[in-house]
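*Asks:* Input: one structure, supplied below.
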Amino acid sequence: MKTTKWQLWGRGLICLMALAAAIFYWDTLCEILGGIRQISAVGFCVSILLSAAAYVVEGMTISLMAGAVIPRLPVQRGIAIALICEFYRMITLGNGPGIVEIHYLHKDGMEPGSATVVTMIQYMVKRTAVMLLGVLGFVVLYSGGNGKEICSKYAAFMGTGCLITIGVIACFMGLTLSSKIAAWAGTFLDWLCRKLPSWEKRFLQWKQQIDLLNHSGKEIVKQKYRLFGTVLLQTGKMLLFYAIPVCLLYEKTGLSFAENILLMAVAYMLAGVIPAPSGIGALEFVFLLFFTGFVETGAALPAILLFRFVTWVLPFGVGGGVLIWMRTRGY
């Protein structure tokens, strides 16, 4: 297949974006690579396997959600899309994965509007899974005694995280299931257009997305078994992610494996409240706050840096390879 001028320009642009991301994240990358040198070969390999399993589950999620609109999306295609999204997550500072998933779902036969709705619902399901695991972890650790002291210090932040997540999910479900709420939101955006004319284009885009979500989202949300399956898959994916640093630390913390997983779930949820490009820095900060109460910093820091490597740097590299391979095949 002959490569066109625009394809060459596109590949060049991707390379430039990857270079810019590498420069932006250079200090972080150096810290990560320095930290993982302290990890044993066995721990490193186990972490890679857990991360790989998590992305297989993410691919299954994409395939399952896509099945609500199109006849069939192979799981391997869903895995490829998940990895490509991770490539773009890094080079766009966390802002590109949703758009990329919509683009590739459209290539597989889904209308852009439906692909947008599917991607939005999938994101909400992920936030729901993170919240449920975080709340469960907080309740168990606080009532069980072992983690009560550390959890009580950050109870206010936990409440804030839950309220934000519940608020976002409630608004999303309201806009999806209620035509009246969607109409109120549209009226409010019309009012904002009159008050802030410079933002009119953006507000109109939001209004179109709300209309699309309300008209198309109902049919997807009504598929309860599919939605429930997606929640289970996303919960399983997050548990696989949480197990990565826990496998390195649970013998040192004095907590059981399950308690370590729940502590990681609380830390991950609270980190989502802190705004940061691609989440870099927020999770490390909260993770060290929680785990250094049970283990020395010298042990906790390599564990979270390895987590970043196998859930951020490695998927970026693999995703870039998958992208190149798919582009050479004309996909």
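Within each chain, counting starts at residue 1; across the structure tokens, chains are named A, B, ... in the order shown, with ligands numbered 1 upward in that order.
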Need to verify the contact set: Gln38 (chain A), 10 Å, only C-alpha atoms, exclusion of same-chain residues closer than 5 positions in sequence. Can you return it as a PyMOL selection string?
*Replies:* chain A and resi 33+44+298-299+301-303+306
*Asks:* Would you mind exporting N, CA, C and O atoms of the selected residues as an mmCIF file, in the first residue's frame?
*Replies:*
```
data_model
loop_
_atom_site.group_PDB
_atom_site.id
_atom_site.type_symbol
_atom_site.label_atom_id
_atom_site.label_comp_id
_atom_site.auth_asym_id
_atom_site.auth_seq_id
_atom_site.Cartn_x
_atom_site.Cartn_y
_atom_site.Cartn_z
ATOM 1 N N LEU A 33 12.877 5.007 36.347
ATOM 2 C CA LEU A 33 13.901 4.036 35.972
ATOM 3 C C LEU A 33 14.888 3.801 37.115
ATOM 4 O O LEU A 33 15.369 2.684 37.324
ATOM 5 N N PHE A 44 9.566 -7.706 39.285
ATOM 6 C CA PHE A 44 9.409 -6.967 38.027
ATOM 7 C C PHE A 44 8.553 -7.769 37.049
ATOM 8 O O PHE A 44 7.628 -7.229 36.433
ATOM 9 N N GLY A 298 11.947 3.914 51.839
ATOM 10 C CA GLY A 298 12.869 3.249 50.923
ATOM 11 C C GLY A 298 12.280 2.028 50.260
ATOM 12 O O GLY A 298 12.746 1.610 49.189
ATOM 13 N N ALA A 299 11.262 1.433 50.871
ATOM 14 C CA ALA A 299 10.596 0.279 50.274
ATOM 15 C C ALA A 299 9.352 0.704 49.484
ATOM 16 O O ALA A 299 9.039 0.123 48.446
ATOM 17 N N LEU A 301 8.707 3.678 47.969
ATOM 18 C CA LEU A 301 8.943 4.479 46.766
ATOM 19 C C LEU A 301 9.231 3.616 45.529
ATOM 20 O O LEU A 301 8.614 3.845 44.474
ATOM 21 N N PRO A 302 10.124 2.619 45.590
ATOM 22 C CA PRO A 302 10.337 1.777 44.402
ATOM 23 C C PRO A 302 9.063 1.062 43.952
ATOM 24 O O PRO A 302 8.857 0.846 42.752
ATOM 25 N N ALA A 303 8.207 0.696 44.914
ATOM 26 C CA ALA A 303 6.976 -0.018 44.562
ATOM 27 C C ALA A 303 6.050 0.851 43.728
ATOM 28 O O ALA A 303 5.500 0.410 42.710
ATOM 29 N N LEU A 306 7.589 1.486 40.255
ATOM 30 C CA LEU A 306 7.391 0.335 39.375
ATOM 31 C C LEU A 306 5.954 0.314 38.868
ATOM 32 O O LEU A 306 5.708 -0.012 37.697
#
```
*Asks:* Hey, which bits of region 225-291 of chain A sit within 9 Å of region 65-84 of chain A, and for each residue what's the closest pair of atoms and how far apart in Å (one decimal), counting only C-alpha atoms, rows by chain and increasing number, as a Markdown table?
*Replies:*
```
| residue | atom | partner | partner_atom | distance |
| --- | --- | --- | --- | --- |
| A:Arg226 | CA | A:Met65 | CA | 7.1 |
| A:Leu227 | CA | A:Met65 | CA | 7.8 |
| A:Thr230 | CA | A:Met65 | CA | 7.2 |
```
*Asks:* For region 130-188 of chain A against region 260-265 of chain A, with a cut-off of 7 Å and counting only C-alpha atoms, what is the closest atom pair and its distance in Å to one decimal for every residue that makes the cut, ordered by chain and number, as a Markdown table?
*Replies:*
```
| residue | atom | partner | partner_atom | distance |
| --- | --- | --- | --- | --- |
| A:Leu133 | CA | A:Ala265 | CA | 5.8 |
| A:Gly134 | CA | A:Ala265 | CA | 4.8 |
| A:Gly137 | CA | A:Leu262 | CA | 4.2 |
```
*Asks:* Could you write those residues out with C-alpha atoms, as an mmCIF file, in the first residue's frame?
*Replies:*
```cif
data_model
loop_
_atom_site.group_PDB
_atom_site.id
_atom_site.type_symbol
_atom_site.label_atom_id
_atom_site.label_comp_id
_atom_site.auth_asym_id
_atom_site.auth_seq_id
_atom_site.Cartn_x
_atom_site.Cartn_y
_atom_site.Cartn_z
ATOM 1 C CA LEU A 133 -13.394 -0.134 45.905
ATOM 2 C CA GLY A 134 -12.196 3.032 47.638
ATOM 3 C CA GLY A 137 -11.377 -0.104 51.563
#
```
*Asks:* What does the distance between CA of Lys148 (chain A) and CA of Gly167 (chain A) come to in Å, to one decimal place?
*Replies:*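 Separating CA of Lys148 (chain A) from CA of Gly167 (chain A) is a distance of 26.3 Å.
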*Asks:* Residues near Leu50 (chain A), anyone? I mean within 8 Å using only C-alpha atoms, not counting same-chain ones fewer than 6 positions away, as an NGL selection string.
*Replies:* :A and (240-241 or 243-244)
*Asks:* Could those residues be written to a file, using N, CA, C and O atoms, as a PDB file, in the first residue's frame?
*Replies:*
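Below is the file selection.pdb, written as the result:
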```
ATOM      1  N   LEU A 240      -6.336  -5.719  39.664  1.00  0.00           N
ATOM      2  CA  LEU A 240      -5.055  -6.138  39.090  1.00  0.00           C
ATOM      3  C   LEU A 240      -4.024  -5.017  39.194  1.00  0.00           C
ATOM      4  O   LEU A 240      -2.861  -5.254  39.530  1.00  0.00           O
ATOM      5  N   PHE A 241      -4.456  -3.802  38.923  1.00  0.00           N
ATOM      6  CA  PHE A 241      -3.552  -2.651  39.061  1.00  0.00           C
ATOM      7  C   PHE A 241      -3.105  -2.477  40.515  1.00  0.00           C
ATOM      8  O   PHE A 241      -1.922  -2.267  40.793  1.00  0.00           O
ATOM      9  N   ALA A 243      -2.828  -4.627  42.763  1.00  0.00           N
ATOM     10  CA  ALA A 243      -1.978  -5.726  43.219  1.00  0.00           C
ATOM     11  C   ALA A 243      -0.514  -5.526  42.854  1.00  0.00           C
ATOM     12  O   ALA A 243       0.359  -6.176  43.446  1.00  0.00           O
ATOM     13  N   ILE A 244      -0.219  -4.639  41.907  1.00  0.00           N
ATOM     14  CA  ILE A 244       1.165  -4.473  41.444  1.00  0.00           C
ATOM     15  C   ILE A 244       2.087  -3.998  42.572  1.00  0.00           C
ATOM     16  O   ILE A 244       3.082  -4.669  42.886  1.00  0.00           O
TER      17      ILE A 244
END
```
*Asks:* I'd like the neighbourhood of Met173 (chain A) as a PyMOL selection string, where a residue qualifies if any of its atoms comes within 12 Å (using only C-alpha atoms), though same-chain residues fewer than 3 positions away should be ignored.
*Replies:* chain A and resi 117+120-121+124-125+128+166-170+176-179+181-182+210+213-214+217-218+220-222
*Asks:* Residues within 10 Å of Ile99 (chain A), please, as a list in words. Count only C-alpha atoms; anything in the same chain fewer than 6 positions from it doesn't count.
*Replies:*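 Counting only C-alpha atoms, the residues come to Cys85, Tyr88, Leu105, Ala115, Thr116 and Thr119 of chain A.
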*Asks:* If you keep N, CA, C and O atoms, can you produce a file of those selected residues as a PDB file, in the first residue's frame?
*Replies:*
```
ATOM      1  N   CYS A  85      -4.663   3.900  23.152  1.00  0.00           N
ATOM      2  CA  CYS A  85      -5.126   4.994  24.018  1.00  0.00           C
ATOM      3  C   CYS A  85      -4.063   5.353  25.049  1.00  0.00           C
ATOM      4  O   CYS A  85      -3.880   6.537  25.378  1.00  0.00           O
ATOM      5  N   TYR A  88      -1.437   7.565  23.437  1.00  0.00           N
ATOM      6  CA  TYR A  88      -1.883   8.949  23.299  1.00  0.00           C
ATOM      7  C   TYR A  88      -2.088   9.623  24.655  1.00  0.00           C
ATOM      8  O   TYR A  88      -2.021  10.845  24.752  1.00  0.00           O
ATOM      9  N   LEU A 105     -13.233   3.211  17.378  1.00  0.00           N
ATOM     10  CA  LEU A 105     -14.549   2.568  17.360  1.00  0.00           C
ATOM     11  C   LEU A 105     -15.305   2.942  16.092  1.00  0.00           C
ATOM     12  O   LEU A 105     -16.027   2.119  15.510  1.00  0.00           O
ATOM     13  N   ALA A 115     -20.222   6.141  19.391  1.00  0.00           N
ATOM     14  CA  ALA A 115     -18.896   5.870  19.958  1.00  0.00           C
ATOM     15  C   ALA A 115     -18.607   6.823  21.114  1.00  0.00           C
ATOM     16  O   ALA A 115     -18.011   6.419  22.126  1.00  0.00           O
ATOM     17  N   THR A 116     -19.031   8.072  20.972  1.00  0.00           N
ATOM     18  CA  THR A 116     -18.842   9.051  22.043  1.00  0.00           C
ATOM     19  C   THR A 116     -19.609   8.641  23.300  1.00  0.00           C
ATOM     20  O   THR A 116     -19.078   8.676  24.416  1.00  0.00           O
ATOM     21  N   THR A 119     -17.992   5.571  24.976  1.00  0.00           N
ATOM     22  CA  THR A 119     -16.764   5.942  25.679  1.00  0.00           C
ATOM     23  C   THR A 119     -17.067   6.672  26.980  1.00  0.00           C
ATOM     24  O   THR A 119     -16.424   6.428  28.010  1.00  0.00           O
TER      25      THR A 119
END
```
*Asks:* Using only C-alpha atoms, what does the table of region 199-284 of chain A residues within 12 Å of region 157-163 of chain A look like, with each row giving the shortest atom pair and its distance in Å to one decimal, sorted by chain and ascending number, as CSV?
*Replies:*
```
residue,atom,partner,partner_atom,distance
A:Ala265,CA,A:Met158,CA,11.4
A:Val266,CA,A:Met158,CA,7.9
A:Ala267,CA,A:Met158,CA,9.4
A:Tyr268,CA,A:Gly161,CA,10.5
A:Met269,CA,A:Gly161,CA,7.0
A:Leu270,CA,A:Gly161,CA,6.1
A:Ala271,CA,A:Gly161,CA,8.9
A:Gly272,CA,A:Gly161,CA,7.6
A:Val273,CA,A:Gly161,CA,5.8
A:Ile274,CA,A:Gly161,CA,9.5
```
*Asks:* Could you save the residues just selected, with all heavy atoms, as a compact mmCIF listing (two decimals), in the first residue's frame?
*Replies:*
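As a result, part21.txt now contains:
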```
# COMPACT_ATOMS: atom_id res chain seq x y z
N ALA A 265 -6.57 0.87 47.26
CA ALA A 265 -7.82 1.35 46.67
C ALA A 265 -8.19 2.72 47.23
O ALA A 265 -8.63 3.61 46.49
CB ALA A 265 -8.94 0.35 46.94
N VAL A 266 -8.00 2.90 48.53
CA VAL A 266 -8.28 4.21 49.15
C VAL A 266 -7.33 5.27 48.61
O VAL A 266 -7.74 6.38 48.25
CB VAL A 266 -8.16 4.11 50.69
CG1 VAL A 266 -8.34 5.48 51.32
CG2 VAL A 266 -9.18 3.13 51.25
N ALA A 267 -6.04 4.93 48.53
CA ALA A 267 -5.04 5.88 48.02
C ALA A 267 -5.34 6.27 46.57
O ALA A 267 -5.24 7.44 46.19
CB ALA A 267 -3.64 5.27 48.13
N TYR A 268 -5.72 5.29 45.76
CA TYR A 268 -5.99 5.56 44.34
C TYR A 268 -7.20 6.48 44.19
O TYR A 268 -7.20 7.40 43.37
CB TYR A 268 -6.24 4.25 43.61
CG TYR A 268 -6.17 4.36 42.11
CD1 TYR A 268 -4.99 4.10 41.42
CD2 TYR A 268 -7.28 4.74 41.36
CE1 TYR A 268 -4.91 4.21 40.04
CE2 TYR A 268 -7.22 4.86 39.99
CZ TYR A 268 -6.04 4.58 39.33
OH TYR A 268 -5.97 4.70 37.96
N MET A 269 -8.22 6.25 44.99
CA MET A 269 -9.41 7.09 44.89
C MET A 269 -9.10 8.52 45.31
O MET A 269 -9.51 9.48 44.65
CB MET A 269 -10.53 6.52 45.75
CG MET A 269 -11.79 7.38 45.69
SD MET A 269 -13.14 6.74 46.66
CE MET A 269 -14.29 8.11 46.53
N LEU A 270 -8.39 8.67 46.43
CA LEU A 270 -8.06 10.02 46.91
C LEU A 270 -7.15 10.74 45.92
O LEU A 270 -7.25 11.96 45.77
CB LEU A 270 -7.39 9.93 48.28
CG LEU A 270 -8.28 9.50 49.44
CD1 LEU A 270 -7.50 9.52 50.74
CD2 LEU A 270 -9.50 10.41 49.55
N ALA A 271 -6.27 10.02 45.24
CA ALA A 271 -5.37 10.65 44.27
C ALA A 271 -6.16 11.25 43.11
O ALA A 271 -5.73 12.23 42.50
CB ALA A 271 -4.37 9.63 43.74
N GLY A 272 -7.34 10.68 42.82
CA GLY A 272 -8.17 11.20 41.74
C GLY A 272 -8.75 12.56 42.03
O GLY A 272 -9.21 13.25 41.11
N VAL A 273 -8.73 12.98 43.30
CA VAL A 273 -9.25 14.30 43.67
C VAL A 273 -8.23 15.39 43.34
O VAL A 273 -8.57 16.55 43.14
CB VAL A 273 -9.60 14.34 45.17
CG1 VAL A 273 -10.16 15.69 45.57
CG2 VAL A 273 -10.59 13.24 45.50
N ILE A 274 -6.95 15.01 43.24
CA ILE A 274 -5.87 15.98 43.01
C ILE A 274 -5.63 16.13 41.51
O ILE A 274 -5.28 15.16 40.84
CB ILE A 274 -4.57 15.53 43.70
CG1 ILE A 274 -4.80 15.30 45.18
CG2 ILE A 274 -3.46 16.55 43.48
CD1 ILE A 274 -3.61 14.70 45.91
```
*Asks:* Mind pulling up the distance from CA of Pro112 (chain A) to CA of Ala53 (chain A)?
*Replies:*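 CA of Ala53 (chain A) sits 28.7 Å away from CA of Pro112 (chain A).
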*Asks:* Report, in Å to a single decimal, how far apart CA of Met238 (chain A) and CA of Thr297 (chain A) are.
*Replies:* 23.8 Å
*Asks:* Near Leu232 (chain A), counting only C-alpha atoms, which residues have an atom at most 12 Å away, once you skip same-chain residues fewer than 3 positions from it, shown as a PyMOL selection string?
*Replies:* chain A and resi 57-58+60-61+64+122+125-126+128-130+132-133+225-229+235-239
*Asks:* If you keep N, CA and C atoms, can you produce a file of those selected residues as a compact mmCIF listing (two decimals), in the first residue's frame?
*Replies:*
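Output file again_9.txt is given in full below:
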```txt
# COMPACT_ATOMS: atom_id res chain seq x y z
N VAL A 57 -8.16 -7.20 30.27
CA VAL A 57 -9.49 -6.94 30.82
C VAL A 57 -10.05 -5.63 30.25
N GLU A 58 -9.20 -4.62 30.08
CA GLU A 58 -9.66 -3.37 29.48
C GLU A 58 -10.13 -3.60 28.04
N MET A 60 -11.36 -6.38 26.92
CA MET A 60 -12.64 -7.08 27.05
C MET A 60 -13.76 -6.08 27.34
N THR A 61 -13.46 -5.07 28.14
CA THR A 61 -14.45 -4.04 28.46
C THR A 61 -14.86 -3.27 27.21
N LEU A 64 -16.97 -5.49 25.06
CA LEU A 64 -18.31 -5.68 25.62
C LEU A 64 -19.18 -4.44 25.43
N GLN A 122 -18.36 4.14 29.52
CA GLN A 122 -17.25 3.33 29.99
C GLN A 122 -16.43 4.08 31.03
N VAL A 125 -18.31 4.14 34.29
CA VAL A 125 -18.24 2.84 34.95
C VAL A 125 -16.91 2.68 35.68
N LYS A 126 -15.83 3.12 35.04
CA LYS A 126 -14.52 3.04 35.68
C LYS A 126 -14.50 3.88 36.97
N THR A 128 -16.99 4.63 38.79
CA THR A 128 -17.84 3.95 39.76
C THR A 128 -17.06 2.82 40.45
N ALA A 129 -16.31 2.04 39.65
CA ALA A 129 -15.52 0.94 40.22
C ALA A 129 -14.47 1.46 41.18
N VAL A 130 -13.80 2.55 40.81
CA VAL A 130 -12.79 3.15 41.68
C VAL A 130 -13.41 3.61 42.99
N LEU A 132 -16.31 2.54 44.40
CA LEU A 132 -16.80 1.42 45.20
C LEU A 132 -15.65 0.73 45.94
N LEU A 133 -14.54 0.50 45.26
CA LEU A 133 -13.39 -0.13 45.91
C LEU A 133 -12.79 0.78 46.96
N TYR A 225 -27.40 -6.27 31.88
CA TYR A 225 -26.39 -7.32 32.03
C TYR A 225 -25.05 -6.87 31.45
N ARG A 226 -25.11 -6.17 30.32
CA ARG A 226 -23.89 -5.66 29.71
C ARG A 226 -23.24 -4.61 30.63
N LEU A 227 -24.06 -3.75 31.20
CA LEU A 227 -23.53 -2.71 32.09
C LEU A 227 -22.96 -3.34 33.36
N PHE A 228 -23.65 -4.33 33.90
CA PHE A 228 -23.16 -5.01 35.10
C PHE A 228 -21.84 -5.73 34.81
N GLY A 229 -21.76 -6.38 33.65
CA GLY A 229 -20.53 -7.04 33.25
C GLY A 229 -19.38 -6.07 33.12
N THR A 235 -13.86 -3.40 37.74
CA THR A 235 -13.44 -3.68 39.11
C THR A 235 -12.27 -4.65 39.12
N GLY A 236 -12.36 -5.69 38.28
CA GLY A 236 -11.26 -6.63 38.17
C GLY A 236 -9.98 -5.98 37.66
N LYS A 237 -10.12 -5.09 36.70
CA LYS A 237 -8.94 -4.38 36.17
C LYS A 237 -8.27 -3.56 37.25
N MET A 238 -9.07 -2.84 38.05
CA MET A 238 -8.49 -2.02 39.09
C MET A 238 -7.82 -2.88 40.17
N LEU A 239 -8.40 -4.03 40.48
CA LEU A 239 -7.78 -4.93 41.47
C LEU A 239 -6.43 -5.44 40.96
```
*Asks:* Measuring atom to atom with only C-alpha atoms, identify which of A:Tyr104, A:Phe172, A:Arg127, A:Leu204 is nearest to Met326 (chain A).
*Replies:*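 Checking each candidate against Met326 (chain A), we get A:Tyr104 as the closest.
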